[in-house]
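Participant: Just dropping this structure here.
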Amino acid sequence: MEKGRNFTTDFHCHTDYKTLLHKFKLILKQSGLKFTKQRELIVAELFDADKHLTSEELYQILKSNYPEIKIGIATVYRTLSLLESESFVTTLLSEKDAKKYELSLKEHHDHIICQGCGKIVEFVSQEIEELQNSIANSLGFKVQNHSMQIFGICEDCQKI
């Protein structure tokens with residue numbers, strides 16, 4: 001089920017859907033799990049998503065888009081958990097909602113999250129990156145990876 005999109009990725013290079021699916025199959029094999037249509041659809045929907053999704057939102061999308069395929073919420077939870085443990089997805093923790101997921105396909109970016117409506121805005125700041133590296137260096141660390149989430153109230157919610 002190729003969606004036909006190509007993304008510039010931080011997922012160890014440039015990844016198209018076929019490459020992504022191949023990596024997913026390897027993860028399943030290494031974990032002793034079978035590759036199923038349900039699991040493929042989970043990865044395909046994450047690949048095609050234009051926003052960060054909760055497991056419940058992903059489940060509802062799958063049920064709506066593929067009513068002929070039997071898929072349980074437990075399969076969604078287990079697959080997302082596996083993908084998270086393999087750094088295949090990035091997890092956002094929202095103070096308002098449940099965990100939200102995105103494939104680890106984009107260049108590194110950080111998130112600012114509205115505590116009012118749950119809106120998530122992605123951003124990149126070279127200044128922040130340099131400051132984090134400087135702090136890490138001064139403490140004797142070498143940054144391997146990081147995730148920044150800033151919580152606030154968006155402009156629209158401030159008007160309410």
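Residue numbering restarts at 1 for every chain of the structure tokens, chains are lettered A, B, ... in their displayed order, and ligands are numbered from 1 as they appear.
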Pick out the residues sitting within 6 Å of region 122-134 of chain A, and hand them over as JSON, numbers by chain; count only C-alpha atoms, and ignore anything fewer than 3 positions along from it in its own chain.
Facilitator: {"A": [109, 110, 111, 137]}
Participant: Can I get the selected residues back with N, CA and C atoms, as a CSV table (one decimal), in the first residue's frame?
Facilitator:
```csv
chain,number,residue,atom,x,y,z
A,109,HIS,N,13.0,18.8,15.0
A,109,HIS,CA,12.2,19.9,15.3
A,109,HIS,C,11.7,19.8,16.7
A,110,ASP,N,11.2,20.9,17.3
A,110,ASP,CA,10.7,20.9,18.6
A,110,ASP,C,9.2,21.3,18.5
A,111,HIS,N,8.5,21.3,19.6
A,111,HIS,CA,7.0,21.5,19.6
A,111,HIS,C,6.6,22.5,20.7
A,137,ASN,N,27.7,20.4,26.9
A,137,ASN,CA,29.2,20.4,26.9
A,137,ASN,C,29.7,20.9,28.2
```
Participant: DSSP says strand (DSSP E or B) for which residues of chain A? Put them as a count of residues only?
Facilitator: 26
Participant: Mind giving me the straight-line distance from CA of Ile27 (chain A) to CA of Phe88 (chain A) in Å, one decimal?
Facilitator: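 We find that CA of Ile27 (chain A) and CA of Phe88 (chain A) lie 9.4 Å from each other.
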Participant: Extract, using only C-alpha atoms, all DNA, RNA and protein residues at most 9 Å from Thr79 (chain A), discarding same-chain residues fewer than 6 positions from it, and format them as a ChimeraX atom specification.
Facilitator: /A:39,42-43
Participant: Which one of A:Thr90, A:Gln115, A:Ser104, A:Ser85 sits closest to Ser31 (chain A) if you count only C-alpha atoms?
Facilitator: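 Nearest candidate to Ser31 (chain A) out of A:Thr90, A:Gln115, A:Ser104, A:Ser85: A:Ser85.
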Participant: Excluding Gly116 (chain A) and residues on its chain fewer than 6 positions from it, collect all residues at most 10 Å away from it, counting only C-alpha atoms, and give them as a ChimeraX atom specification.
Facilitator: /A:95-96,151-154,156-158,160
Participant: Name the residues in contact with Glu40 (chain A) at a cut-off of 12 Å, using only C-alpha atoms, excluding same-chain residues fewer than 3 positions from it; report them as a VMD selection string.
Facilitator: chain A and resid 1 to 3 17 to 18 20 to 25 28 34 to 37 43 to 47 62 69 71 75 to 76 79 to 80
Participant: Can you check which residues of chain A DSSP gives as helix (DSSP H, G or I) on the backbone and send them as an MDAnalysis selection string?
Facilitator: chainID A and resid 17:30 37:48 55:65 73:85 126:138 155:158
Participant: Here is a test: counting only C-alpha atoms, which residue of A:Ala74, A:Glu84, A:Asp48, A:Val89 is nearest to Asp16 (chain A)?
Facilitator: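 That would be A:Asp48, the residue with the smallest distance to Asp16 (chain A).
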